[in-house]
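Below is the file work12.txt, which contains compact mmCIF, C-alpha atoms.
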# COMPACT_ATOMS: atom_id res chain seq x y z
CA MET A 1 74.99 109.45 -4.67
CA ALA A 2 72.04 109.69 -6.95
CA THR A 3 71.13 110.29 -10.52
CA THR A 4 67.64 111.24 -11.51
CA ALA A 5 65.95 110.26 -14.74
CA ALA A 6 62.88 112.25 -15.66
CA MET A 7 60.61 111.81 -18.62
CA THR A 8 57.67 113.59 -20.11
CA LEU A 9 55.35 112.10 -22.70
CA ASN A 10 52.80 114.33 -24.36
CA SER A 11 50.40 113.42 -27.11
CA ASP A 12 47.55 114.97 -28.98
CA LEU A 13 46.56 111.65 -30.52
CA MET A 14 43.30 111.49 -28.67
CA THR A 15 40.50 113.93 -28.06
CA GLY A 16 41.64 114.28 -24.48
CA VAL A 17 45.17 114.97 -23.41
CA LEU A 18 47.44 111.98 -23.04
CA SER A 19 50.33 112.92 -20.85
CA ALA A 20 52.66 110.98 -18.62
CA ASN A 21 55.40 112.26 -16.39
CA ALA A 22 57.83 110.05 -14.57
CA SER A 23 60.87 110.79 -12.52
CA THR A 24 62.99 108.34 -10.65
CA THR A 25 66.13 108.42 -8.66
CA MET A 26 68.14 105.53 -9.96
CA MET A 27 68.84 103.24 -7.05
CA LYS A 28 70.66 99.98 -6.68
CA ALA A 29 68.45 96.91 -6.77
CA GLY A 30 66.02 96.73 -3.87
CA THR A 31 67.18 99.77 -1.93
CA SER A 32 66.17 103.38 -1.43
CA ALA A 33 69.37 104.35 0.33
CA ASP A 34 72.07 103.64 -2.19
CA GLY A 35 71.97 105.08 -5.69
CA LEU A 36 73.52 103.61 -8.80
CA ASP A 37 77.04 104.89 -8.37
CA GLN A 38 78.85 103.82 -11.50
CA MET A 39 78.44 104.72 -15.10
CA LYS A 40 80.04 104.57 -18.49
CA MET A 41 79.15 106.50 -21.55
CA GLY A 42 80.15 106.84 -25.14
CA TYR A 43 79.52 108.19 -28.58
CA ASN A 44 80.00 105.75 -31.43
CA LYS A 45 79.71 105.80 -35.19
CA ILE A 46 78.11 102.50 -36.13
CA PRO A 47 78.81 101.40 -39.71
CA THR A 48 76.19 99.40 -41.53
CA GLY A 49 76.16 95.69 -42.07
CA THR A 50 77.69 94.31 -38.90
CA SER A 51 76.22 93.58 -35.51
CA PHE A 52 78.42 95.04 -32.79
CA ASP A 53 78.54 94.53 -29.04
CA LEU A 54 77.97 98.02 -27.74
CA LEU A 55 77.89 96.93 -24.11
CA ASP A 56 79.32 93.69 -22.80
CA ALA A 57 77.31 91.81 -20.22
CA THR A 58 79.07 91.29 -16.93
CA ALA A 59 78.42 88.81 -14.15
CA ALA A 60 78.19 91.70 -11.72
CA GLY A 61 75.14 92.89 -13.62
CA ILE A 62 72.94 89.87 -13.00
CA ASP A 63 69.57 90.84 -11.55
CA LYS A 64 70.66 94.38 -10.81
CA ALA A 65 69.01 97.71 -11.57
CA THR A 66 71.18 98.66 -14.55
CA LYS A 67 69.71 101.27 -16.88
CA VAL A 68 70.78 102.14 -20.39
CA TYR A 69 70.07 105.36 -22.24
CA LEU A 70 70.76 105.31 -25.95
CA CYS A 71 70.00 107.93 -28.56
CA ASN A 72 70.31 107.59 -32.30
CA GLU A 73 71.76 110.94 -33.27
CA SER A 74 71.18 110.41 -36.99
CA THR A 75 69.29 113.20 -38.65
CA ASP A 76 68.15 111.05 -41.56
CA GLU A 77 64.77 109.64 -40.61
CA THR A 78 65.33 106.50 -42.70
CA TYR A 79 68.44 105.50 -40.75
CA TYR A 80 67.96 103.23 -37.79
CA VAL A 81 69.77 100.99 -35.37
CA THR A 82 68.40 97.66 -34.23
CA ILE A 83 68.89 96.74 -30.60
CA VAL A 84 69.40 93.06 -29.86
CA ILE A 85 70.02 91.29 -26.57
CA ASP A 86 70.91 87.60 -26.54
CA ALA A 87 69.71 87.13 -30.13
CA LYS A 88 66.36 88.67 -29.25
CA THR A 89 65.48 91.73 -31.28
CA ILE A 90 64.18 94.37 -28.91
CA GLY A 91 63.38 97.12 -31.36
CA ARG A 92 64.52 99.84 -33.71
CA LEU A 93 65.61 103.37 -32.97
CA TYR A 94 65.24 105.65 -35.96
CA GLY A 95 67.06 108.93 -36.39
CA GLY A 96 66.36 111.08 -33.33
CA ASP A 97 64.79 108.28 -31.27
CA TRP A 98 66.03 107.49 -27.80
CA MET A 99 65.40 104.71 -25.34
CA PHE A 100 65.82 104.25 -21.63
CA ILE A 101 65.64 100.61 -20.67
CA PRO A 102 66.44 98.29 -17.80
CA TRP A 103 69.19 95.84 -18.74
CA ASN A 104 69.65 92.55 -17.01
CA GLN A 105 72.87 90.75 -17.79
CA ASP A 106 71.84 87.16 -17.13
CA ASP A 107 74.98 85.71 -18.60
CA ALA A 108 77.74 86.43 -21.09
CA THR A 109 75.31 86.18 -24.00
CA HIS A 110 73.31 89.17 -22.79
CA ASP A 111 75.51 91.75 -24.46
CA LEU A 112 73.65 94.74 -25.79
CA GLU A 113 74.16 94.52 -29.53
CA ILE A 114 73.55 97.15 -32.14
CA THR A 115 73.25 97.03 -35.91
CA ALA A 116 73.01 100.08 -38.14
CA THR A 117 70.87 100.30 -41.26
CA GLY A 118 70.72 102.97 -43.93
CA GLY A 119 74.18 104.35 -43.36
CA THR A 120 76.56 105.07 -40.53
CA ASN A 121 74.45 105.82 -37.46
CA ASN A 122 75.90 107.90 -34.64
CA VAL A 123 74.74 106.96 -31.18
CA THR A 124 75.16 108.42 -27.73
CA TRP A 125 74.82 106.03 -24.84
CA ILE A 126 75.09 105.96 -21.08
CA CYS A 127 74.98 102.90 -18.87
CA PHE A 128 74.23 103.44 -15.18
CA HIS A 129 75.16 100.40 -13.11
CA GLU A 130 76.23 99.18 -9.73
CA GLY A 131 79.36 97.31 -10.68
CA GLU A 132 81.03 95.33 -13.41
CA THR A 133 83.51 92.53 -13.56
CA LEU A 134 86.68 94.04 -14.93
CA GLY A 135 89.03 91.88 -16.93
CA THR A 136 92.55 91.47 -15.61
CA GLN A 137 95.47 92.63 -17.68
CA ALA A 138 96.37 89.95 -20.20
CA ASP A 139 99.81 91.11 -21.22
CA MET B 140 49.23 114.91 -34.43
CA ALA B 141 52.40 114.34 -32.51
CA ILE B 142 53.79 112.53 -29.54
CA SER B 143 56.76 114.09 -27.83
CA ALA B 144 59.04 112.24 -25.46
CA ALA B 145 61.60 114.11 -23.43
CA ILE B 146 64.17 112.80 -21.02
CA THR B 147 66.45 114.52 -18.54
CA LEU B 148 69.25 112.72 -16.76
CA THR B 149 70.76 114.68 -13.92
CA SER B 150 73.51 114.06 -11.42
CA ALA B 151 74.51 116.91 -9.15
CA ALA B 152 78.13 117.81 -8.51
CA GLY B 153 79.61 115.41 -6.03
CA ASP B 154 77.02 112.74 -6.65
CA LEU B 155 77.98 110.34 -9.40
CA THR B 156 81.07 112.31 -10.31
CA THR B 157 82.81 115.35 -8.89
CA ASN B 158 81.27 117.50 -11.57
CA ALA B 159 77.61 117.79 -12.32
CA LEU B 160 76.24 115.78 -15.20
CA SER B 161 73.17 116.67 -17.15
CA LEU B 162 71.65 115.41 -20.34
CA SER B 163 68.40 116.36 -21.94
CA ASP B 164 66.90 114.87 -25.04
CA SER B 165 63.58 115.20 -26.76
CA THR B 166 62.08 113.46 -29.73
CA THR B 167 58.83 113.27 -31.58
CA LEU B 168 57.78 109.66 -31.87
CA THR B 169 57.45 109.05 -35.58
CA GLN B 170 56.68 106.15 -37.86
CA ALA B 171 59.47 104.03 -39.28
CA ALA B 172 61.61 105.90 -41.81
CA SER B 173 59.21 108.81 -41.80
CA SER B 174 58.62 112.17 -40.21
CA THR B 175 54.95 111.32 -39.77
CA ALA B 176 53.95 110.87 -36.15
CA LEU B 177 52.92 107.53 -34.76
CA ALA B 178 49.16 107.57 -35.04
CA ASN B 179 48.00 104.91 -32.59
CA THR B 180 48.18 104.32 -28.90
CA SER B 181 46.92 101.75 -26.47
CA GLY B 182 46.24 104.66 -24.16
CA LEU B 183 47.75 104.96 -20.74
CA ALA B 184 46.83 101.88 -18.74
CA ARG B 185 47.32 100.71 -15.20
CA LYS B 186 47.39 97.15 -14.01
CA THR B 187 47.65 95.73 -10.53
CA THR B 188 48.91 92.19 -10.45
CA THR B 189 47.66 89.68 -7.91
CA THR B 190 50.14 86.85 -8.33
CA THR B 191 53.76 86.35 -9.25
CA ASP B 192 52.69 84.66 -12.46
CA GLN B 193 53.84 86.08 -15.76
CA TYR B 194 51.48 88.56 -17.42
CA THR B 195 51.39 89.40 -21.10
CA LEU B 196 50.84 93.11 -21.72
CA PHE B 197 51.03 93.09 -25.53
CA TYR B 198 50.95 90.32 -28.12
CA ALA B 199 53.27 90.87 -31.07
CA ASP B 200 50.70 89.27 -33.37
CA ASP B 201 48.49 92.29 -32.89
CA TYR B 202 51.03 94.75 -34.29
CA THR B 203 53.01 95.15 -37.48
CA ALA B 204 56.54 93.88 -37.14
CA ASP B 205 59.70 95.94 -37.48
CA LYS B 206 58.21 99.38 -37.10
CA ALA B 207 58.99 102.22 -34.71
CA HIS B 208 56.71 101.16 -31.85
CA LYS B 209 57.58 102.53 -28.42
CA LEU B 210 56.51 101.17 -25.05
CA TYR B 211 56.33 103.22 -21.88
CA LEU B 212 56.45 101.28 -18.61
CA LYS B 213 56.50 102.40 -15.01
CA ASN B 214 56.58 100.59 -11.71
CA THR B 215 54.38 102.70 -9.45
CA SER B 216 55.44 100.97 -6.24
CA THR B 217 57.02 103.07 -3.50
CA THR B 218 58.50 100.11 -1.66
CA PRO B 219 62.15 99.93 -2.71
CA ALA B 220 62.41 96.14 -2.75
CA GLU B 221 59.39 95.69 -5.02
CA PHE B 222 60.17 95.03 -8.66
CA PHE B 223 58.93 93.38 -11.78
CA THR B 224 60.92 91.81 -14.56
CA VAL B 225 60.31 92.85 -18.13
CA HIS B 226 60.51 90.07 -20.70
CA ILE B 227 60.50 90.20 -24.47
CA ASP B 228 58.92 86.80 -24.86
CA ASP B 229 61.31 84.50 -22.96
CA GLU B 230 64.17 86.99 -22.85
CA LYS B 231 64.68 88.81 -19.59
CA LEU B 232 65.21 92.43 -20.58
CA GLY B 233 65.63 93.87 -17.13
CA LEU B 234 64.32 94.55 -13.66
CA MET B 235 62.26 97.60 -12.81
CA TYR B 236 62.22 98.56 -9.15
CA ALA B 237 59.90 100.95 -7.34
CA GLY B 238 59.55 104.18 -9.26
CA ASP B 239 61.55 103.01 -12.25
CA TRP B 240 60.29 103.84 -15.71
CA ALA B 241 61.38 102.88 -19.22
CA LEU B 242 60.83 103.82 -22.82
CA ILE B 243 61.53 100.75 -24.92
CA PRO B 244 61.60 100.37 -28.70
CA TRP B 245 59.64 97.27 -29.71
CA SER B 246 60.05 95.31 -32.91
CA ALA B 247 56.87 93.20 -32.38
CA THR B 248 58.30 90.37 -34.43
CA ASP B 249 55.44 88.11 -35.40
CA GLY B 250 55.28 84.37 -35.12
CA THR B 251 53.69 82.09 -37.70
CA LYS B 252 50.01 81.30 -37.35
CA ALA B 253 48.83 77.74 -37.92
CA THR B 254 46.60 77.12 -40.92
CA PHE B 255 44.61 74.22 -42.24
CA THR B 256 42.09 73.57 -44.99
CA VAL B 257 38.93 71.55 -44.94
CA THR B 258 37.70 70.13 -48.23
CA LEU B 259 34.07 69.07 -48.51
CA ALA B 260 33.11 66.31 -50.94
CA ASP B 261 30.31 64.01 -51.96
CA THR B 262 26.74 64.45 -50.83
CA TRP B 263 25.85 66.57 -47.84
CA ALA B 264 22.35 66.51 -46.43
CA VAL B 265 20.22 68.97 -44.51
CA SER B 266 21.09 68.77 -40.78
CA ASP B 267 24.58 67.37 -41.34
CA THR B 268 27.00 69.12 -39.00
CA ILE B 269 30.57 70.11 -38.42
CA VAL B 270 31.83 70.97 -34.97
CA PHE B 271 35.01 72.96 -34.56
CA ASP B 272 36.43 75.30 -31.93
CA GLY B 273 33.23 74.97 -29.92
CA VAL B 274 31.06 76.05 -32.83
CA THR B 275 28.50 73.81 -34.52
CA VAL B 276 27.55 74.50 -38.12
CA THR B 277 24.46 72.74 -39.40
CA SER B 278 23.81 72.20 -43.08
CA ALA B 279 20.66 73.82 -44.42
CA ALA B 280 21.00 72.61 -47.99
CA THR B 281 22.36 69.65 -49.88
CA SER B 282 25.36 71.13 -51.60
CA THR B 283 28.95 71.41 -50.47
CA THR B 284 28.96 74.96 -51.79
CA ALA B 285 26.17 75.96 -49.42
CA MET B 286 27.89 74.23 -46.51
CA ILE B 287 31.17 76.00 -47.22
CA ASP B 288 29.28 79.29 -47.16
CA LEU B 289 27.90 78.43 -43.72
CA ILE B 290 31.31 77.37 -42.43
CA VAL B 291 32.84 80.63 -43.61
CA ALA B 292 29.99 82.69 -42.14
CA ALA B 293 30.37 81.19 -38.67
CA LYS B 294 32.44 83.00 -36.01
CA TYR B 295 35.11 80.94 -34.28
CA PRO B 296 36.71 82.06 -31.02
CA ASN B 297 40.27 81.19 -31.98
CA TRP B 298 40.30 80.99 -35.77
CA THR B 299 39.47 83.03 -38.82
CA VAL B 300 38.25 81.38 -42.00
CA VAL B 301 37.99 82.25 -45.67
CA GLU B 302 36.55 80.45 -48.65
CA THR B 303 39.34 79.19 -50.88
CA SER B 304 37.04 77.58 -53.44
CA ALA B 305 33.47 76.31 -53.67
CA SER B 306 34.39 73.26 -51.63
CA VAL B 307 37.40 74.37 -49.63
CA ALA B 308 37.71 76.63 -46.60
CA THR B 309 41.02 77.77 -45.13
CA PHE B 310 41.34 78.36 -41.40
CA THR B 311 44.02 80.52 -39.77
CA ALA B 312 44.68 80.67 -36.05
CA LYS B 313 44.13 84.08 -34.51
CA SER B 314 47.28 83.70 -32.44
CA SER B 315 50.65 82.28 -33.36
CA ASN B 316 50.87 81.10 -29.75
CA TYR B 317 48.29 78.44 -30.56
CA LEU B 318 50.66 75.55 -31.17
CA GLY B 319 48.20 72.65 -31.22
CA LEU B 320 48.11 70.43 -34.27
CA ILE B 321 44.70 69.95 -35.83
CA GLU B 322 44.22 66.29 -36.61
CA GLU B 323 44.28 65.69 -40.34
CA GLY B 324 42.07 63.45 -42.47
CA ALA B 325 38.39 62.77 -42.92
CA ALA B 326 37.89 61.57 -39.37
CA SER B 327 39.51 64.42 -37.47
CA ASP B 328 38.77 64.57 -33.76
CA ASP B 329 39.34 68.32 -33.87
CA PHE B 330 37.13 69.10 -36.84
CA VAL B 331 34.23 66.72 -36.36
CA VAL B 332 32.06 65.98 -39.38
CA THR B 333 28.74 64.20 -38.91
CA THR B 334 26.83 63.36 -42.06
CA ALA B 335 23.78 61.27 -42.73
CA GLY B 336 24.97 60.32 -46.20
CA ASP B 337 28.40 60.00 -47.75
CA GLY B 338 29.47 63.64 -47.35
CA THR B 339 33.02 64.15 -46.15
CA GLY B 340 35.14 66.94 -44.78
CA THR B 341 38.86 66.32 -45.06
CA VAL B 342 41.33 68.31 -43.01
CA ALA B 343 44.84 69.09 -44.28
CA ARG B 344 47.30 71.10 -42.23
CA GLY B 345 49.08 74.03 -43.87
CA GLU B 346 51.42 76.31 -41.95
CA THR B 347 52.90 74.95 -38.75
CA ALA B 348 52.65 77.44 -35.94
CA VAL B 349 55.75 79.15 -34.61
CA ALA B 350 55.03 81.02 -31.41
CA SER B 351 55.43 84.77 -31.40
CA ALA B 352 58.90 85.54 -30.15
CA ASN B 353 58.28 89.12 -29.14
CA ASP B 354 55.33 89.41 -26.76
CA ILE B 355 55.77 91.97 -23.98
CA LYS B 356 55.52 90.24 -20.63
CA ILE B 357 56.10 91.17 -17.04
CA THR B 358 56.73 89.00 -14.02
CA PRO B 359 56.14 90.65 -10.65
CA GLY B 360 58.64 89.93 -7.92
CA GLN B 361 55.75 90.02 -5.48
CA ALA B 362 52.06 89.32 -5.96
CA ALA B 363 50.76 92.87 -5.81
CA ASN B 364 52.49 95.28 -8.14
CA THR B 365 50.95 98.18 -10.00
CA ILE B 366 52.26 98.96 -13.44
CA GLU B 367 51.52 101.84 -15.72
CA TYR B 368 52.07 101.37 -19.42
CA ALA B 369 51.29 102.81 -22.81
CA LEU B 370 52.14 101.60 -26.27
CA PHE B 371 52.55 103.95 -29.21
CA TYR B 372 52.44 102.07 -32.48
CA GLU B 373 52.00 102.23 -36.24

I need this file expressed as structure tokens, please.
Amino acid sequence: MATTAAMTLNSDLMTGVLSANASTTMMKAGTSADGLDQMKMGYNKIPTGTSFDLLDATAAGIDKATKVYLCNESTDETYYVTIVIDAKTIGRLYGGDWMFIPWNQDDATHDLEITATGGTNNVTWICFHEGETLGTQAD
Amino acid sequence: MAISAAITLTSAAGDLTTNALSLSDSTTLTQAASSTALANTSGLARKTTTTTDQYTLFYADDYTADKAHKLYLKNTSTTPAEFFTVHIDDEKLGLMYAGDWALIPWSATDGTKATFTVTLADTWAVSDTIVFDGVTVTSAATSTTAMIDLIVAAKYPNWTVVETSASVATFTAKSSNYLGLIEEGAASDDFVVTTAGDGTGTVARGETAVASANDIKITPGQAANTIEYALFYE
């Protein structure tokens, strides 16, 4: 099983061409034989003013090769979401921006949090992982 | 000017799920709350590490906080077990194995840079000196005003300085990661004043440093690891 993630960066910022292409087959940590074989995805409308746990950290995600894709689907360029992990602000995604990041879930505080600013921000996200600790039925 | 970033995520039928999955997305990297393109880049860089020590790729102090900066990172290794860990300051963001790449938004939250003032008083003489940050400034006149001018004109490796008044200069650390406390008073061991007469230079601390909490760091899992990276910033 394998999922590929390919990216192209092109820029005319400099006199010469600045271009970067990267493509990877997303593998489990430390192997070339076994691809990331689990995923979850979603589309959420994030209201302003509250920090939400978009993805809960799981013990099964410690020091693994988890990857998260997240796109802010807002069309208003002044809207943005702030990505926070364990109280550390990673960065902002403005309308149209996307990110593709590795996500280590060191402990239960490493949830991937999101806060919307400007208005309700719609986000698409996919988490590729190699396992999660599922909660047992409570009632 | 524009910077475009496109991503394609593909999983063939029968791979991750029974059905094929495909997602493509493209964006123009723009400034915060604007349709104007990001105008600056570090350029595409490549670094080969030689130890498993932590390396700092970008210091948050050097960039404006809370903008739309984007960081591209790639582990160029082809050995599956080789990885490096990406940290936002002391926070472990994630592990990047051979071939992995990432596009990361970066807030570049600044720390607080230490400041202090030095106030000159009484009578300074020609050849009186101050020594600070490895720099010696020697008085060429007999007034505090002239000495302040010389202090402000000097170039210090780790500090910037401005004239606050005719007898006061204010120093600011170049990095918020400089956490040392400059000794206060007229007999500071850090800001050494040597005068032939009764001239004095009195140090008073201002801002207390708070280390930058957002530097981009990597820690290789093995000594030799080659990383490609580029920062696009406002």

Two-atom distance - CA of Ala5 in chain A, CA of Trp240 in chain B (Å): 8.6 Å

I'd like the contact shell of Thr169 in chain B - 12 Å cut-off, all atoms listed in the file, skipping same-chain residues fewer than 4 positions apart - returned as an MDAnalysis selection string. (chainID A and resid 11 77:78 92:98) or (chainID B and resid 140:144 173:179 206:209 244 371:373)

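For Asp329 in chain B, the set of protein, DNA and RNA residues having any atom at most 9 Å away, when counting only C-alpha atoms and skipping those fewer than 5 positions along the same chain, is Val270, Phe271, Asp272, Ile321, Glu322 and Glu323 of chain B.
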
Can you list every residue of chain A that has an atom at most 7 Å from chain B, with its nearest atom pair and the distance in Å to one decimal, using only C-alpha atoms, ordered by chain then number, as JSON lines?
{"residue": "A:Met1", "atom": "CA", "partner": "B:Asp154", "partner_atom": "CA", "distance": 4.3}
{"residue": "A:Ala2", "atom": "CA", "partner": "B:Asp154", "partner_atom": "CA", "distance": 5.8}
{"residue": "A:Thr3", "atom": "CA", "partner": "B:Ser150", "partner_atom": "CA", "distance": 4.5}
{"residue": "A:Thr4", "atom": "CA", "partner": "B:Thr149", "partner_atom": "CA", "distance": 5.2}
{"residue": "A:Ala5", "atom": "CA", "partner": "B:Leu148", "partner_atom": "CA", "distance": 4.6}
{"residue": "A:Ala6", "atom": "CA", "partner": "B:Thr147", "partner_atom": "CA", "distance": 5.1}
{"residue": "A:Met7", "atom": "CA", "partner": "B:Ile146", "partner_atom": "CA", "distance": 4.4}
{"residue": "A:Thr8", "atom": "CA", "partner": "B:Ala145", "partner_atom": "CA", "distance": 5.2}
{"residue": "A:Leu9", "atom": "CA", "partner": "B:Ala144", "partner_atom": "CA", "distance": 4.6}
{"residue": "A:Asn10", "atom": "CA", "partner": "B:Ser143", "partner_atom": "CA", "distance": 5.3}
{"residue": "A:Ser11", "atom": "CA", "partner": "B:Ile142", "partner_atom": "CA", "distance": 4.3}
{"residue": "A:Asp12", "atom": "CA", "partner": "B:Met140", "partner_atom": "CA", "distance": 5.7}
{"residue": "A:Leu13", "atom": "CA", "partner": "B:Met140", "partner_atom": "CA", "distance": 5.7}
{"residue": "A:Ala22", "atom": "CA", "partner": "B:Trp240", "partner_atom": "CA", "distance": 6.8}
{"residue": "A:Thr24", "atom": "CA", "partner": "B:Gly238", "partner_atom": "CA", "distance": 5.6}
{"residue": "A:Ala29", "atom": "CA", "partner": "B:Tyr236", "partner_atom": "CA", "distance": 6.9}
{"residue": "A:Gly30", "atom": "CA", "partner": "B:Ala220", "partner_atom": "CA", "distance": 3.8}
{"residue": "A:Thr31", "atom": "CA", "partner": "B:Pro219", "partner_atom": "CA", "distance": 5.1}
{"residue": "A:Ser32", "atom": "CA", "partner": "B:Pro219", "partner_atom": "CA", "distance": 5.4}
{"residue": "A:Asp37", "atom": "CA", "partner": "B:Leu155", "partner_atom": "CA", "distance": 5.6}
{"residue": "A:Gln38", "atom": "CA", "partner": "B:Leu155", "partner_atom": "CA", "distance": 6.9}
{"residue": "A:Asp63", "atom": "CA", "partner": "B:Leu234", "partner_atom": "CA", "distance": 6.8}
{"residue": "A:Lys64", "atom": "CA", "partner": "B:Leu234", "partner_atom": "CA", "distance": 7.0}
{"residue": "A:Ala65", "atom": "CA", "partner": "B:Leu234", "partner_atom": "CA", "distance": 6.0}
{"residue": "A:Glu77", "atom": "CA", "partner": "B:Ala172", "partner_atom": "CA", "distance": 5.0}
{"residue": "A:Thr78", "atom": "CA", "partner": "B:Ala172", "partner_atom": "CA", "distance": 3.9}
{"residue": "A:Tyr79", "atom": "CA", "partner": "B:Ala172", "partner_atom": "CA", "distance": 6.9}
{"residue": "A:Lys88", "atom": "CA", "partner": "B:Glu230", "partner_atom": "CA", "distance": 7.0}
{"residue": "A:Thr89", "atom": "CA", "partner": "B:Ser246", "partner_atom": "CA", "distance": 6.7}
{"residue": "A:Ile90", "atom": "CA", "partner": "B:Trp245", "partner_atom": "CA", "distance": 5.4}
{"residue": "A:Gly91", "atom": "CA", "partner": "B:Trp245", "partner_atom": "CA", "distance": 4.1}
{"residue": "A:Arg92", "atom": "CA", "partner": "B:Pro244", "partner_atom": "CA", "distance": 5.8}
{"residue": "A:Leu93", "atom": "CA", "partner": "B:Pro244", "partner_atom": "CA", "distance": 6.6}
{"residue": "A:Tyr94", "atom": "CA", "partner": "B:Ala171", "partner_atom": "CA", "distance": 6.9}
{"residue": "A:Gly96", "atom": "CA", "partner": "B:Thr166", "partner_atom": "CA", "distance": 6.1}
{"residue": "A:Asp97", "atom": "CA", "partner": "B:Thr166", "partner_atom": "CA", "distance": 6.0}
{"residue": "A:Met99", "atom": "CA", "partner": "B:Leu242", "partner_atom": "CA", "distance": 5.3}
{"residue": "A:Phe100", "atom": "CA", "partner": "B:Leu242", "partner_atom": "CA", "distance": 5.1}
{"residue": "A:Ile101", "atom": "CA", "partner": "B:Ala241", "partner_atom": "CA", "distance": 5.0}
{"residue": "A:Pro102", "atom": "CA", "partner": "B:Gly233", "partner_atom": "CA", "distance": 4.5}
{"residue": "A:Trp103", "atom": "CA", "partner": "B:Gly233", "partner_atom": "CA", "distance": 4.4}
{"residue": "A:Asn104", "atom": "CA", "partner": "B:Gly233", "partner_atom": "CA", "distance": 4.2}

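Distances here use only C-alpha atoms; by that measure, the residue among A:Asp86, A:Asn72, A:Met39, A:Asn121 closest to Met26 in chain A is A:Met39.
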
With all atoms listed in the file as the basis for distance, which of A:Ile114, A:Leu36, A:Met27, A:Ile83 is at the shortest distance from Phe52 in chain A? A:Ile114

Residue neighbourhood Ile85 in chain A, 6 Å, all atoms listed in the file, exclusion window fewer than 2 positions, as a VMD selection string: chain A and resid 87 to 88 110 to 112

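CA of Leu196 in chain B sits 21.2 Å away from CA of Ala348 in chain B.
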
Which residue, B:Leu259, B:Val265, B:Ala159, B:Leu370, has the smallest gap to Ile290 in chain B when you use only C-alpha atoms? B:Leu259

In the coordinate frame of the file, compute which residues have an atom within 10 Å of (43.3, 86.7, -33.4) when using only C-alpha atoms, and state them as a list in words. Tyr198, Asp200, Asp201, Lys252, Pro296, Asn297, Trp298, Thr299, Thr311, Ala312, Lys313, Ser314 and Ser315 of chain B

Taking C-alpha atoms for each residue, export the selection above as a compact mmCIF listing (two decimals), in the frame of the given file.
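Ended up saving to result_14.txt:
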# COMPACT_ATOMS: atom_id res chain seq x y z
CA TYR B 198 50.95 90.32 -28.12
CA ASP B 200 50.70 89.27 -33.37
CA ASP B 201 48.49 92.29 -32.89
CA LYS B 252 50.01 81.30 -37.35
CA PRO B 296 36.71 82.06 -31.02
CA ASN B 297 40.27 81.19 -31.98
CA TRP B 298 40.30 80.99 -35.77
CA THR B 299 39.47 83.03 -38.82
CA THR B 311 44.02 80.52 -39.77
CA ALA B 312 44.68 80.67 -36.05
CA LYS B 313 44.13 84.08 -34.51
CA SER B 314 47.28 83.70 -32.44
CA SER B 315 50.65 82.28 -33.36

Around (28.2, 65.1, -44.0) in the file's frame, which residues reach within 10 Å when counting only C-alpha atoms? Return as number ranges by chain? B: 259-269, 277-278, 281, 283, 286, 331-340

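Between CA of Phe223 in chain B and CA of Ala199 in chain B the separation is 20.3 Å.
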
As a PyMOL selection string, please: the residues near Val307 in chain B (cut-off 7 Å, all atoms listed in the file, same-chain neighbours under 3 positions excluded). chain B and resi 256-259+287+302-304

Show me, as a list of chain:residue names, the residues that have an atom within 10 Å of Leu134 in chain A when counting only C-alpha atoms, minus same-chain residues fewer than 2 positions from it. A:Thr58, A:Ala59, A:Ala60, A:Gly131, A:Glu132, A:Thr136, A:Gln137

Is there a way to complete range 55-64 of chain A with N, CA and C atoms and then write that out as an mmCIF file, keeping the file's coordinate frame?
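Output file part-v4.cif follows:
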data_model
loop_
_atom_site.group_PDB
_atom_site.id
_atom_site.type_symbol
_atom_site.label_atom_id
_atom_site.label_comp_id
_atom_site.auth_asym_id
_atom_site.auth_seq_id
_atom_site.Cartn_x
_atom_site.Cartn_y
_atom_site.Cartn_z
ATOM 1 N N LEU A 55 77.635 97.095 -25.532
ATOM 2 C CA LEU A 55 77.890 96.930 -24.110
ATOM 3 C C LEU A 55 78.022 95.446 -23.804
ATOM 4 N N ASP A 56 79.095 95.089 -23.156
ATOM 5 C CA ASP A 56 79.320 93.690 -22.800
ATOM 6 C C ASP A 56 78.647 93.359 -21.477
ATOM 7 N N ALA A 57 77.934 92.254 -21.466
ATOM 8 C CA ALA A 57 77.310 91.810 -20.220
ATOM 9 C C ALA A 57 78.404 91.407 -19.232
ATOM 10 N N THR A 58 78.109 91.615 -17.977
ATOM 11 C CA THR A 58 79.070 91.290 -16.930
ATOM 12 C C THR A 58 78.341 90.553 -15.813
ATOM 13 N N ALA A 59 79.045 89.600 -15.205
ATOM 14 C CA ALA A 59 78.420 88.810 -14.150
ATOM 15 C C ALA A 59 77.933 89.678 -12.998
ATOM 16 N N ALA A 60 78.597 90.807 -12.807
ATOM 17 C CA ALA A 60 78.190 91.700 -11.720
ATOM 18 C C ALA A 60 76.870 92.398 -12.018
ATOM 19 N N GLY A 61 76.377 92.224 -13.241
ATOM 20 C CA GLY A 61 75.140 92.890 -13.620
ATOM 21 C C GLY A 61 73.919 91.995 -13.596
ATOM 22 N N ILE A 62 74.073 90.800 -13.043
ATOM 23 C CA ILE A 62 72.940 89.870 -13.000
ATOM 24 C C ILE A 62 71.926 90.333 -11.966
ATOM 25 N N ASP A 63 70.684 90.463 -12.418
ATOM 26 C CA ASP A 63 69.570 90.840 -11.550
ATOM 27 C C ASP A 63 69.854 92.120 -10.757
ATOM 28 N N LYS A 64 70.436 93.076 -11.418
ATOM 29 C CA LYS A 64 70.660 94.380 -10.810
ATOM 30 C C LYS A 64 69.736 95.399 -11.467
#
